[in-house]
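Inspection log for the structure reproduced underneath, given as structure tokens.
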Amino acid sequence: MKPLWVLIWWCFLLILPSAFALPMQVSPHMPPGFSLPTELRVVKVKRAPQIDGRVDTVWSQARPVTVYLRGGSGEIPLTLRAIYTEEQIFFLAEWPDSTEDRTHKPWVWDEGRQR
């Protein structure tokens with residue numbers, strides 16, 4: 001049996017955001033007749049994706065849904081995918097990041113490298 005905190009975490013992630021959902025604004029840059037997808041379909045897969053910071057090939061089985069977020073820095077496309085196995089569900093969110101930093105734990109001392 002999974003710990004209670006796992007159940008609480010999933011409730012927080014899946015239920016709470018919908019309570020505060022705001023109507024999405026469609027971008028004026030969309031072509032005429034364009035409509036945004038209204039659902040994210042979850043695809044069953046045989047194996048879980050490897051969680052290592054790279055997009056595993058298993059994600060190619062999921063249909064992507066792209067939504068456009070508006071904020072202070074303009075419009076940002078957010079692409080979502082969802083897959084599940086017998087015991088777990090996984091979500092992949094991708095967006096352009098102009099401030100991306102791939103430095104891992106820059107303030108942690110590495111005794112082996114003496115830095």
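By order in the structure tokens, chains are A, B, ...; within a chain, residues start at 1; ligands start at 1, following the order shown.
Taking only C-alpha atoms, the non-local environment of Thr85 in chain A within 9 Å (same-chain residues fewer than 4 positions away omitted) comprises Val43, Lys44, Val45, Lys46, Arg47, Ala48, Ile89 and Phe90 of chain A.
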**Item:** Nearby residues (only C-alpha atoms) at most 10 Å from range 53-62 of chain A, same-chain spacing under 2 positions excluded, as a PyMOL selection string
**Value:** chain A and resi 40-51+64-65+80-84+90-92+94+102
Just to be explicit: take each residue in the selection above, keep C-alpha atoms, and write the result as a PDB file, in the first residue's frame.
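Output saved as out.pdb:
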ATOM      1  CA  LEU A  40      -4.963  15.381 -22.881  1.00  0.00           C
ATOM      2  CA  ARG A  41      -5.219  11.681 -23.668  1.00  0.00           C
ATOM      3  CA  VAL A  42      -3.256   9.292 -21.498  1.00  0.00           C
ATOM      4  CA  VAL A  43      -1.707   6.360 -23.394  1.00  0.00           C
ATOM      5  CA  LYS A  44      -0.927   3.010 -21.770  1.00  0.00           C
ATOM      6  CA  VAL A  45       2.664   1.867 -22.321  1.00  0.00           C
ATOM      7  CA  LYS A  46       4.501  -1.345 -21.442  1.00  0.00           C
ATOM      8  CA  ARG A  47       7.462   0.285 -19.739  1.00  0.00           C
ATOM      9  CA  ALA A  48       7.974   3.428 -17.725  1.00  0.00           C
ATOM     10  CA  PRO A  49      10.111   6.215 -19.182  1.00  0.00           C
ATOM     11  CA  GLN A  50      13.602   6.659 -17.820  1.00  0.00           C
ATOM     12  CA  ILE A  51      13.647   9.777 -15.648  1.00  0.00           C
ATOM     13  CA  PRO A  64       1.146  15.922 -27.634  1.00  0.00           C
ATOM     14  CA  VAL A  65      -1.171  18.778 -26.737  1.00  0.00           C
ATOM     15  CA  LEU A  80       2.066  18.251 -22.641  1.00  0.00           C
ATOM     16  CA  ARG A  81       2.082  14.443 -22.966  1.00  0.00           C
ATOM     17  CA  ALA A  82       0.772  11.756 -20.618  1.00  0.00           C
ATOM     18  CA  ILE A  83       1.432   8.014 -20.385  1.00  0.00           C
ATOM     19  CA  TYR A  84       0.785   5.318 -17.808  1.00  0.00           C
ATOM     20  CA  PHE A  90       3.761  10.105 -16.035  1.00  0.00           C
ATOM     21  CA  PHE A  91       3.449  13.621 -17.447  1.00  0.00           C
ATOM     22  CA  LEU A  92       5.920  15.349 -19.748  1.00  0.00           C
ATOM     23  CA  GLU A  94       8.099  20.927 -22.471  1.00  0.00           C
ATOM     24  CA  ARG A 102      22.159  22.763 -16.800  1.00  0.00           C
TER      25      ARG A 102
END
**Fill in**
In Å and to one decimal, CA of Trp95 in chain A is distant from CA of Trp107 in chain A by 26.2 Å
